[in-house]
Amino acid sequence: SGSCLLPPLLPSRKPAASNLHCIVEVLVFAQLCIDPSQNSTWRFTMHRRPVLLAISPRGVGFAVGVAFRCFTSTHAAHPLICSGSAVRYFPRNIVRVFGLRRVHQVPAEKPQGPVKSAKALVLNAGSSSLKFSVFNVDLRRKQDMAELNQPCGIQTANAMLLATGQVSDIGLESSTISYKAFIDDEQKFSTHIHVDDHKGAISEVLKLLRDPKLGVILDPAEIAVVGHRIVHGADKFNTATILTDDVIKAVEDASALAPLHNPPNLLGIRVAREIFKCPQVGVFDTAFHATIPPENYTYAIPLQLQREHHIRKYGFHGSSFCFVTGATAERLSMKRTEMNAIICHLGNGASMACIKQGRCIDTTMGLTPLEGLVMGTRSGDIDAGVVTHLINALGMSPKEVDTLLNKRSGLLGLTGHSNMQAVHAAADNGDADAALAEKIFVERIRKYIGSFLVKLEGELDALVFTAGVGENSERIRAMVCQGLGRLGMVLDTTKNTGASGVKEPAIISGVHSRTKILVVPTNEELGIAMQSVAAVGLIEPMLSPKEEAKLLMEAAKRRAEESVNGEEDEHMAMAVGGPKGVMIAASNRSEMTDSSIVEVGLMYGILPRVSKLGYFRPVAYHHADKRVNLMREVFGIGDDPETMYGVTVAQCSAMLAKKEDDKLMALILEKYQEYRQRHDFVVVSGLNQKELPQLGQDLNIRIADALNLPMVWSTDAGAFPSAGMTVSQSILSEISMSMLPGKQLKHVEVAGVVVSDLHRSHVDVIGDEVQAQLKESKIDVIATQIDNRLRVRTLREVANVLGADVLTGHDALDTHHVGRLVVATMQVPDLLKYILAKSVEEDGGHQKVTRNQIQELKAEFKKFDKEHNGKILLEEVGTLMRVIGREMTDFEEQSVMAELDKDGTGKITFQEFLLLLSRRQEEPIPGSAPLVVTHISRIDVLLSLLMASRSQAFPKIAGVLLTGGSKETLPESVHAILAGLDVVGTPVLIIPLDTFAATQRIHGLHGLAPRLLPTAKVKLQAAQELFSMFSSSDFMERLVGGSSRRRDMTSHLFQHHIFLAARRQKQRIVLPEGDDWRVLVAAGELLARDLCDLIILGDRQRVLSLAKKYHADLSKATILDVKGMSWVEKDVMVETLLKLRGTKGMTREKALDIIDQDANYFGTLMMYLHRADGMVSGACHTTADTMRPAMQIIKTEPGASLVSSVFFMLLPERVYVFGDCAINVDPSAEDLAQIAASSAATAKAFGISPRVAMLSYATGQSNTGPIVDKVRKATELVQDLITDPEIAIEGPMQFDAAVDPEVAAVKVKGGASKVAGQATVVIFPDLNTGNNTYKAVQQSTRCVAIGPIMQGLRMPVNDLSRGCTVDDIVNTVVITCIQASTAKARDVTPPQ
């Protein structure tokens, strides 16, 4: 791999022991969930030779130390040292080649950080059998928190089956044990073995699991959790539950409902508790169906009888339904909580489940598994009178009837065969009874599909087939789906034929099917394992090794900074001569590469690290430079544009032509020096390849030398390699030609090289190879991959190029991305049909290469094979693609060619060409849609498209471009129609050019890089994330290491930290105002940036309709319709409200009315019940409406006597905390003291050093009066409330003395003050003063004011202004997330 101490060796089929060093790490990372970002040591037995592996994320040197400490105690024969980044992308089946036998972690060194994987044992104990499985589960999983609250919430994950087996005939002489271990090749073992009871069976299982050859554990302690399948949980359990004594007693009580299953389940539990000391979890077959509403589970028999004897529908196959629900949602890329499905579990036992928004609302089995579908030996639905008839008329006993219906009916009773395969065979041989049995089996399923479809009100996302018959019988699936086309379910017969026996979920519906039809293999054991792991709280958010390493480096950097004396920092900043900067220059080979992307990414990385960031262009394209304007708008740089550049390109060219080079440098230097004095750090943008093509690179170096700035170079040479060179060689060649010493660069420090637009498979390899070559030059290499979000062209770009007028849809110009052009000359029905057909094709309908096409493709390929050696030149691939009808842009062509030219010959084989064809549709440009171009006379096309675009069934279009006209020539009637629409989500543009000229101009954009505009949020976010992902914190710190640092939190740093903290510790926030568009747009942004999990209250259809109207993506949110909830769920809320407010006159009727009508109460109750962590409201509610429920239900935290508020005032140089500006009108001295204490704690929680000034109209002892005396007393009282020595509080003090050091020096007498002139928290004496002051500061400085932020509650509830903006809501929600995390850490939340 290049990371081992020994030289790499080519592995043979059976490697010698000495060759193991270079392959062990491949096997480890490929086979196990080992975290390469943590120190760890591992022991292996390979070909009977022990090997020790030491891993460290900090490089080989640190791994040597880890290995040495462990080696002295374990005496492994072959120590192996490697770094954590050593291995990536190795196939798991490589393990079979090298014969890896056993893998166990050495306990000598405790792993640092959280556990990343866990072994789970699954047991299913029957009366005379015991089934078992062992899984190794990856615990690093990003899980929707709303799904964790669903029954059986987590179902899919990265888990590996290590071993499985069964003990049969327990207690008999014929008892046997069968076992499969998946170590290298599958290892099977089966033998007769006498076991007297379940304890003996589990003991034998444990022996096999620890066997030296077949085992997968060393010690029972390696098992982190044992999951038990329990058939019946009655109505007491709705999720996987840790098995305490009370839970086991409840399972015993439910045994009467499952006398054949629960007793042996309990026996297995008791034995396992003796042997395995880890948590034991019960996973109930009935739990998944606990969400069925009463109208669906109640039988029409006397209620007293039902309640006394627990007679009701329970449902079974819950573990299977649970797993399949999660797997289906994942396959369809849907949130489980938003999916509607009908799942058909068709096996020897068969049942169906109706899933609405991820929850089961009905099922076919009832009190017992007898009800519902026809099964192998069970009758399914039957008239209850048949039972009494059999007893009364035929004299059968109840036991005989039970045996008849459960064991001798179903397919067996109809045909003599209980196996569907045998029934098919009999029917094929002309057996009329078997053919009838097939029809009966199918019609029962179809009856329930119709019933469930009604319950879902026709809104069905998926029809799913699973279990033995469902997965393997294409005939049954076809018979079930026959004639369902009018209900939106169309089966693709070809896909159905090929789907039997699939290992992964497969879609078998046709392209025109509104509902997806799937075959989803069930895995009940994995489902039980995952539910068990989740029940004991082991699941955690998953970070990539790079992300975790980045967090480690940032933590280490912070610790190092904390250890340095502040005075030394200031002295060092002065010594280096004040503010510093960096120059960025690009040497890109393609006009499709936009160098501004690297600049934006770097600016985002520097922004949180300095107080005042500037941007300067030594040579601007012209006076109104677009890149200067971009940076000014994106980063809020308020400088005069004239001061942000040195000279224009025209001026530069004229001076160079006159040989006035020195004068040119003097002008640039003079303007730069003047500009840099006003900034802590300046990013200087060099010339790009389009501005001065011949002189750009040379001039960039000379300017950097003159300005005494380090340089960061960016290049796309990896995406566009030179002929005959590998990607790495092309990059190094570009660097050596443009940058390395030997030219003018010898006096210029190169801080780093950014290699952009690499294919993702090249990023790490290229980064390592190029970095190794530049090691002696001490140049950092940042390799970034292609991001399709940056390849899109927004409609605003097209409109700008065309100079088009926008008739409607101004707000969508930056979110609508233009793909292909559609020139609409045909009639409307044909146009709509064409757009629909093209949409299907672009979804992948026709892009796969079939066998029939291969010969035709090969014939075309040979025409380009001029040397007759089976290869063609890379530069001819684009032409060949166009010959076979596959369009390909220049950018796509160059990017893909760079990936395929692995040997650097500039040629590819036919097989590589086929690979290209099959992969082209895997990564489509996100969100791109057709732009329809039509003449102004085709008003029918315009209006038809506007109407069609509002349909969920019609594909999105980027916009409509009308040619040959203007706003003035467009008929008034059309203007009136457009103005009368409540919203036009599809932009409409108009230009005077004719259709041909317009399309030619748009096609001319294809060879140019998509522009990065200040309004293009998607692209700007992509640039930020791309640079953040691939650049290290150490690189950024070195880059700005000499910059002027501030002791206090800056506004940029504050915003950076709160967003980072929210993303790291995601919280669930409830937004009760789902009918306000600002809330929904803010929710879309919060979810897109992965800042929190959101629960939005409101009518689901109304919320989704409003979200679509304002282009907000809420696919990741949980939308909860309070009025549509079942009474069982409402009853929990009602009981809670009665418990809390019963003594205040609250009745059940009032409580139910409040829950139905007041979303703020409902959201607050969700917090109290720990279904949400915080709430943000007030966009359309008063402060009283928002805060009243919180005061009544959440109440104040311990030690807090009142609720107050603060505003975070984000001024450029410092962040201030203003309190109280929203809640307490005329606080007493005691109240002011409490407000000050709470505000200081809030400031500290957000990283602001709390220096608190108690404000009044007089400073110190200079005056007296009621207000001054109140503040003076409050200052004395607050000293008793504050125990933190880092918090300084002084008062009374005037505002100017609190924040201005010069004023403080005059007004504050009596020695040094810790607060005067440097206050960060200011407390106002009353609401009138506070509210007016914060608004005055906000309006006069145009700073961001975040708030009001409530403090003093057990859990955070924050109030919005009714005039709030989307950004206000986003900021407030992020603040609420951090408050929620802090409340949990301080353990002040209400008890669960």
# chains A, B, ... in the order shown; residues from 1 in each chain; ligands from 1
>>> select_by_dssp(residues="stretch 944-1041 of chain A", states="strand (DSSP E)", output="PyMOL selection string")
chain A and resi 959-963+988-990
>>> residues_around(residues="A:Gly416", least_positions_apart="6", cutoff="12 Å", atoms="only C-alpha atoms", output="short mmCIF file (atom, residue, chain, number, x, y, z; two decimals) with all heavy atoms, in the first residue's frame")
data_model
loop_
_atom_site.label_atom_id
_atom_site.label_comp_id
_atom_site.auth_asym_id
_atom_site.auth_seq_id
_atom_site.Cartn_x
_atom_site.Cartn_y
_atom_site.Cartn_z
N GLY A 376 -49.32 -21.98 4.05
CA GLY A 376 -48.94 -23.35 3.71
C GLY A 376 -49.86 -24.37 4.33
O GLY A 376 -50.34 -25.29 3.66
N THR A 377 -50.13 -24.21 5.64
CA THR A 377 -51.00 -25.18 6.33
C THR A 377 -52.14 -24.49 7.07
O THR A 377 -52.96 -25.16 7.69
CB THR A 377 -50.18 -25.99 7.36
OG1 THR A 377 -49.64 -25.11 8.35
CG2 THR A 377 -49.05 -26.75 6.68
N LYS A 407 -52.89 -26.71 10.89
CA LYS A 407 -51.87 -27.64 10.40
C LYS A 407 -52.31 -28.47 9.20
O LYS A 407 -51.47 -29.10 8.56
CB LYS A 407 -51.43 -28.57 11.53
CG LYS A 407 -50.78 -27.82 12.69
CD LYS A 407 -50.28 -28.77 13.78
CE LYS A 407 -49.59 -28.01 14.90
NZ LYS A 407 -49.10 -28.91 15.97
N ARG A 408 -53.62 -28.48 8.87
CA ARG A 408 -54.07 -29.35 7.79
C ARG A 408 -54.86 -28.59 6.73
O ARG A 408 -55.49 -29.20 5.86
CB ARG A 408 -54.93 -30.48 8.36
CG ARG A 408 -54.14 -31.45 9.22
CD ARG A 408 -55.04 -32.35 10.06
NE ARG A 408 -56.15 -32.91 9.30
CZ ARG A 408 -57.26 -33.39 9.86
NH1 ARG A 408 -57.40 -33.36 11.18
NH2 ARG A 408 -58.23 -33.87 9.10
N SER A 409 -54.83 -27.26 6.78
CA SER A 409 -55.60 -26.45 5.84
C SER A 409 -54.66 -25.69 4.92
O SER A 409 -53.54 -26.12 4.68
CB SER A 409 -56.53 -25.49 6.61
OG SER A 409 -57.47 -26.21 7.38
N GLY A 410 -55.11 -24.55 4.40
CA GLY A 410 -54.27 -23.76 3.50
C GLY A 410 -53.97 -24.52 2.22
O GLY A 410 -54.79 -25.27 1.70
N ALA A 422 -44.18 -26.84 -5.10
CA ALA A 422 -44.85 -28.09 -5.48
C ALA A 422 -46.23 -27.81 -6.06
O ALA A 422 -46.69 -28.52 -6.98
CB ALA A 422 -44.96 -29.00 -4.26
N VAL A 423 -46.91 -26.80 -5.52
CA VAL A 423 -48.23 -26.43 -6.05
C VAL A 423 -48.09 -25.95 -7.50
O VAL A 423 -48.89 -26.31 -8.37
CB VAL A 423 -48.87 -25.34 -5.17
CG1 VAL A 423 -50.18 -24.84 -5.80
CG2 VAL A 423 -49.14 -25.87 -3.77
N ALA A 426 -47.56 -28.95 -9.74
CA ALA A 426 -48.80 -29.70 -9.94
C ALA A 426 -49.73 -28.97 -10.91
O ALA A 426 -50.34 -29.58 -11.80
CB ALA A 426 -49.50 -29.91 -8.60
N ASP A 431 -53.11 -30.22 -12.82
CA ASP A 431 -53.90 -30.44 -11.61
C ASP A 431 -54.81 -29.23 -11.41
O ASP A 431 -54.36 -28.13 -11.10
CB ASP A 431 -52.96 -30.61 -10.40
CG ASP A 431 -53.71 -31.04 -9.15
OD1 ASP A 431 -54.87 -30.64 -8.99
OD2 ASP A 431 -53.11 -31.75 -8.31
N ASP A 433 -57.02 -28.67 -9.05
CA ASP A 433 -57.07 -28.23 -7.66
C ASP A 433 -55.88 -27.30 -7.35
O ASP A 433 -56.02 -26.31 -6.62
CB ASP A 433 -57.04 -29.43 -6.71
CG ASP A 433 -58.33 -30.24 -6.78
OD1 ASP A 433 -59.35 -29.67 -7.23
OD2 ASP A 433 -58.31 -31.41 -6.37
N ALA A 434 -54.72 -27.66 -7.89
CA ALA A 434 -53.54 -26.81 -7.65
C ALA A 434 -53.71 -25.45 -8.31
O ALA A 434 -53.35 -24.41 -7.74
CB ALA A 434 -52.28 -27.50 -8.18
N ALA A 437 -55.96 -23.48 -6.20
CA ALA A 437 -55.28 -23.04 -4.98
C ALA A 437 -54.44 -21.79 -5.25
O ALA A 437 -54.38 -20.87 -4.42
CB ALA A 437 -54.40 -24.17 -4.44
#
>>> atom_distance(atom1="atom CA of A:Tyr179", atom2="atom CA of A:Lys207")
11.4 Å
>>> atom_distance(atom1="atom CA of A:Leu208", atom2="atom CA of A:Ile248")
28.0 Å
>>> residues_around(residues="A:Ala1088", least_positions_apart="6", cutoff="9 Å", atoms="only C-alpha atoms", output="PyMOL selection string")
chain A and resi 1113-1114+1116
>>> write_last_selection(atoms="N, CA, C and O atoms", output="tab-separated table (two decimals), in the first residue's frame")
chain	number	residue	atom	x	y	z
A	1113	ASP	N	-36.89	21.98	0.11
A	1113	ASP	CA	-36.80	20.52	0.14
A	1113	ASP	C	-36.95	20.05	1.58
A	1113	ASP	O	-36.05	20.22	2.40
A	1114	LEU	N	-38.09	19.45	1.89
A	1114	LEU	CA	-38.36	18.95	3.24
A	1114	LEU	C	-38.34	17.43	3.31
A	1114	LEU	O	-38.92	16.84	4.20
A	1116	LYS	N	-36.16	15.45	4.23
A	1116	LYS	CA	-35.50	14.90	5.42
A	1116	LYS	C	-36.20	15.29	6.71
A	1116	LYS	O	-35.74	14.93	7.79
>>> atom_distance(atom1="atom CA of A:Gly646", atom2="atom CA of A:Ala706")
12.9 Å
>>> residues_around(residues="A:Asp994", least_positions_apart="2", cutoff="12 Å", atoms="only C-alpha atoms", output="PDB file with C-alpha atoms, in the first residue's frame")
ATOM      1  CA  LEU A 802     -28.821  36.507 -23.175  1.00  0.00           C
ATOM      2  CA  VAL A 823     -36.971  23.873 -28.898  1.00  0.00           C
ATOM      3  CA  VAL A 933     -37.312  27.644 -25.995  1.00  0.00           C
ATOM      4  CA  THR A 934     -40.305  28.743 -28.043  1.00  0.00           C
ATOM      5  CA  HIS A 935     -41.495  31.753 -30.045  1.00  0.00           C
ATOM      6  CA  ILE A 936     -43.617  34.434 -28.417  1.00  0.00           C
ATOM      7  CA  SER A 937     -46.488  33.448 -30.681  1.00  0.00           C
ATOM      8  CA  LEU A 961     -37.602  31.181 -22.866  1.00  0.00           C
ATOM      9  CA  LEU A 962     -39.824  33.192 -25.217  1.00  0.00           C
ATOM     10  CA  THR A 963     -38.017  34.464 -28.319  1.00  0.00           C
ATOM     11  CA  GLY A 964     -38.777  37.188 -30.824  1.00  0.00           C
ATOM     12  CA  GLY A 965     -40.386  39.618 -28.420  1.00  0.00           C
ATOM     13  CA  SER A 966     -40.196  41.737 -25.281  1.00  0.00           C
ATOM     14  CA  ILE A 990     -38.225  36.785 -22.902  1.00  0.00           C
ATOM     15  CA  ILE A 991     -35.707  38.145 -25.469  1.00  0.00           C
ATOM     16  CA  PRO A 992     -35.972  39.904 -28.831  1.00  0.00           C
ATOM     17  CA  PHE A 996     -32.101  30.124 -33.802  1.00  0.00           C
ATOM     18  CA  ALA A 997     -29.906  32.985 -32.566  1.00  0.00           C
ATOM     19  CA  ALA A 998     -30.946  32.379 -28.959  1.00  0.00           C
ATOM     20  CA  THR A 999     -30.153  28.663 -29.058  1.00  0.00           C
ATOM     21  CA  GLN A1000     -26.814  29.324 -30.749  1.00  0.00           C
ATOM     22  CA  ARG A1001     -25.847  31.742 -28.004  1.00  0.00           C
TER      23      ARG A1001
END
>>> residues_around(residues="A:Asn523", least_positions_apart="5", cutoff="10 Å", atoms="only C-alpha atoms", output="PyMOL selection string")
chain A and resi 155-156+319-324+327+466-467+528
>>> write_last_selection(atoms="N, CA, C and O atoms", output="mmCIF file, in the first residue's frame")
data_model
loop_
_atom_site.group_PDB
_atom_site.id
_atom_site.type_symbol
_atom_site.label_atom_id
_atom_site.label_comp_id
_atom_site.auth_asym_id
_atom_site.auth_seq_id
_atom_site.Cartn_x
_atom_site.Cartn_y
_atom_site.Cartn_z
ATOM 1 N N GLN A 155 -33.115 -0.266 10.931
ATOM 2 C CA GLN A 155 -33.215 -1.578 10.304
ATOM 3 C C GLN A 155 -32.087 -1.882 9.348
ATOM 4 O O GLN A 155 -31.792 -3.034 9.096
ATOM 5 N N THR A 156 -31.472 -0.899 8.762
ATOM 6 C CA THR A 156 -30.428 -1.166 7.785
ATOM 7 C C THR A 156 -29.133 -0.569 8.260
ATOM 8 O O THR A 156 -29.114 0.489 8.845
ATOM 9 N N SER A 319 -40.641 -8.477 12.973
ATOM 10 C CA SER A 319 -39.220 -8.237 12.700
ATOM 11 C C SER A 319 -38.961 -8.173 11.201
ATOM 12 O O SER A 319 -38.161 -7.367 10.726
ATOM 13 N N SER A 320 -39.654 -9.032 10.451
ATOM 14 C CA SER A 320 -39.504 -9.014 8.994
ATOM 15 C C SER A 320 -40.052 -7.723 8.412
ATOM 16 O O SER A 320 -39.404 -7.051 7.601
ATOM 17 N N PHE A 321 -41.260 -7.340 8.818
ATOM 18 C CA PHE A 321 -41.852 -6.106 8.310
ATOM 19 C C PHE A 321 -40.970 -4.902 8.642
ATOM 20 O O PHE A 321 -40.810 -3.987 7.833
ATOM 21 N N CYS A 322 -40.433 -4.923 9.849
ATOM 22 C CA CYS A 322 -39.585 -3.815 10.279
ATOM 23 C C CYS A 322 -38.360 -3.674 9.384
ATOM 24 O O CYS A 322 -38.009 -2.586 8.921
ATOM 25 N N PHE A 323 -37.687 -4.793 9.155
ATOM 26 C CA PHE A 323 -36.475 -4.775 8.330
ATOM 27 C C PHE A 323 -36.810 -4.359 6.905
ATOM 28 O O PHE A 323 -36.136 -3.521 6.314
ATOM 29 N N VAL A 324 -37.866 -4.926 6.360
ATOM 30 C CA VAL A 324 -38.216 -4.654 4.957
ATOM 31 C C VAL A 324 -38.659 -3.206 4.785
ATOM 32 O O VAL A 324 -38.357 -2.568 3.762
ATOM 33 N N ALA A 327 -35.432 -1.224 4.635
ATOM 34 C CA ALA A 327 -34.696 -1.516 3.406
ATOM 35 C C ALA A 327 -35.385 -0.902 2.189
ATOM 36 O O ALA A 327 -34.730 -0.419 1.259
ATOM 37 N N THR A 466 -41.862 -10.062 -0.197
ATOM 38 C CA THR A 466 -40.724 -10.572 0.554
ATOM 39 C C THR A 466 -41.038 -11.963 1.073
ATOM 40 O O THR A 466 -42.143 -12.487 0.870
ATOM 41 N N ALA A 467 -40.040 -12.586 1.713
ATOM 42 C CA ALA A 467 -40.106 -13.959 2.248
ATOM 43 C C ALA A 467 -40.064 -14.975 1.100
ATOM 44 O O ALA A 467 -39.957 -14.600 -0.072
ATOM 45 N N ILE A 528 -33.205 -7.930 14.056
ATOM 46 C CA ILE A 528 -33.166 -8.093 15.517
ATOM 47 C C ILE A 528 -31.844 -7.567 16.061
ATOM 48 O O ILE A 528 -31.806 -6.890 17.099
#
>>> residues_around(residues="A:Leu121", least_positions_apart="6", cutoff="12 Å", atoms="only C-alpha atoms", output="PyMOL selection string")
chain A and resi 131-137+161-165+202+205-206+209+216-217+220-229+272+276+278-281+525-533
>>> closest_atom_pairs(of="stretch 163-266 of chain A", to="stretch 351-367 of chain A", cutoff="10 Å", atoms="only C-alpha atoms", output="Markdown table")
| residue | atom | partner | partner_atom | distance |
| --- | --- | --- | --- | --- |
| A:His232 | CA | A:Leu367 | CA | 10.0 |
| A:Ala234 | CA | A:Leu367 | CA | 9.4 |
| A:Leu257 | CA | A:Leu367 | CA | 7.7 |
| A:Ala258 | CA | A:Leu367 | CA | 9.4 |
>>> residues_around(residues="stretch 1231-1246 of chain A", least_positions_apart="5", cutoff="10 Å", atoms="only C-alpha atoms", output="PyMOL selection string")
chain A and resi 1049+1054+1057-1058+1061+1199-1208+1215-1220+1224+1226+1251-1254+1270-1271+1273-1284+1286-1289+1320-1326+1349-1352+1375+1378-1379+1382
>>> decode(residues="stretch 941-948 of chain A", atoms="all heavy atoms", output="mmCIF file, in the first residue's frame")
data_model
loop_
_atom_site.group_PDB
_atom_site.id
_atom_site.type_symbol
_atom_site.label_atom_id
_atom_site.label_comp_id
_atom_site.auth_asym_id
_atom_site.auth_seq_id
_atom_site.Cartn_x
_atom_site.Cartn_y
_atom_site.Cartn_z
ATOM 1 N N VAL A 941 -48.044 26.942 -25.761
ATOM 2 C CA VAL A 941 -46.936 26.190 -25.160
ATOM 3 C C VAL A 941 -46.614 26.749 -23.770
ATOM 4 O O VAL A 941 -46.453 26.004 -22.798
ATOM 5 C CB VAL A 941 -45.691 26.260 -26.067
ATOM 6 C CG1 VAL A 941 -44.462 25.704 -25.332
ATOM 7 C CG2 VAL A 941 -45.939 25.485 -27.344
ATOM 8 N N LEU A 942 -46.545 28.074 -23.665
ATOM 9 C CA LEU A 942 -46.215 28.707 -22.386
ATOM 10 C C LEU A 942 -47.207 28.316 -21.299
ATOM 11 O O LEU A 942 -46.829 27.820 -20.227
ATOM 12 C CB LEU A 942 -46.185 30.228 -22.561
ATOM 13 C CG LEU A 942 -46.083 31.055 -21.260
ATOM 14 C CD1 LEU A 942 -44.771 30.782 -20.557
ATOM 15 C CD2 LEU A 942 -46.256 32.532 -21.549
ATOM 16 N N LEU A 943 -48.490 28.532 -21.561
ATOM 17 C CA LEU A 943 -49.499 28.277 -20.529
ATOM 18 C C LEU A 943 -49.617 26.793 -20.210
ATOM 19 O O LEU A 943 -49.835 26.411 -19.055
ATOM 20 C CB LEU A 943 -50.845 28.851 -20.972
ATOM 21 C CG LEU A 943 -50.871 30.373 -21.178
ATOM 22 C CD1 LEU A 943 -52.265 30.834 -21.585
ATOM 23 C CD2 LEU A 943 -50.417 31.100 -19.922
ATOM 24 N N SER A 944 -49.470 25.943 -21.204
ATOM 25 C CA SER A 944 -49.530 24.495 -20.963
ATOM 26 C C SER A 944 -48.377 24.043 -20.064
ATOM 27 O O SER A 944 -48.565 23.242 -19.147
ATOM 28 C CB SER A 944 -49.487 23.737 -22.291
ATOM 29 O OG SER A 944 -50.593 24.070 -23.093
ATOM 30 N N LEU A 945 -47.185 24.561 -20.318
ATOM 31 C CA LEU A 945 -46.031 24.179 -19.503
ATOM 32 C C LEU A 945 -46.151 24.701 -18.073
ATOM 33 O O LEU A 945 -45.772 24.012 -17.114
ATOM 34 C CB LEU A 945 -44.742 24.695 -20.143
ATOM 35 C CG LEU A 945 -44.291 23.972 -21.408
ATOM 36 C CD1 LEU A 945 -43.095 24.681 -22.024
ATOM 37 C CD2 LEU A 945 -43.944 22.513 -21.104
ATOM 38 N N LEU A 946 -46.674 25.923 -17.919
ATOM 39 C CA LEU A 946 -46.860 26.453 -16.567
ATOM 40 C C LEU A 946 -47.849 25.598 -15.786
ATOM 41 O O LEU A 946 -47.656 25.336 -14.592
ATOM 42 C CB LEU A 946 -47.338 27.897 -16.621
ATOM 43 C CG LEU A 946 -46.329 28.932 -17.124
ATOM 44 C CD1 LEU A 946 -46.937 30.326 -17.127
ATOM 45 C CD2 LEU A 946 -45.058 28.911 -16.285
ATOM 46 N N MET A 947 -48.904 25.147 -16.447
ATOM 47 C CA MET A 947 -49.868 24.283 -15.770
ATOM 48 C C MET A 947 -49.264 22.908 -15.485
ATOM 49 O O MET A 947 -49.389 22.371 -14.383
ATOM 50 C CB MET A 947 -51.128 24.145 -16.639
ATOM 51 C CG MET A 947 -52.183 23.209 -16.039
ATOM 52 S SD MET A 947 -52.775 23.789 -14.439
ATOM 53 C CE MET A 947 -53.719 25.223 -14.966
ATOM 54 N N ALA A 948 -48.577 22.324 -16.461
ATOM 55 C CA ALA A 948 -47.998 20.983 -16.287
ATOM 56 C C ALA A 948 -46.938 20.965 -15.192
ATOM 57 O O ALA A 948 -46.810 19.987 -14.456
ATOM 58 C CB ALA A 948 -47.405 20.506 -17.610
#
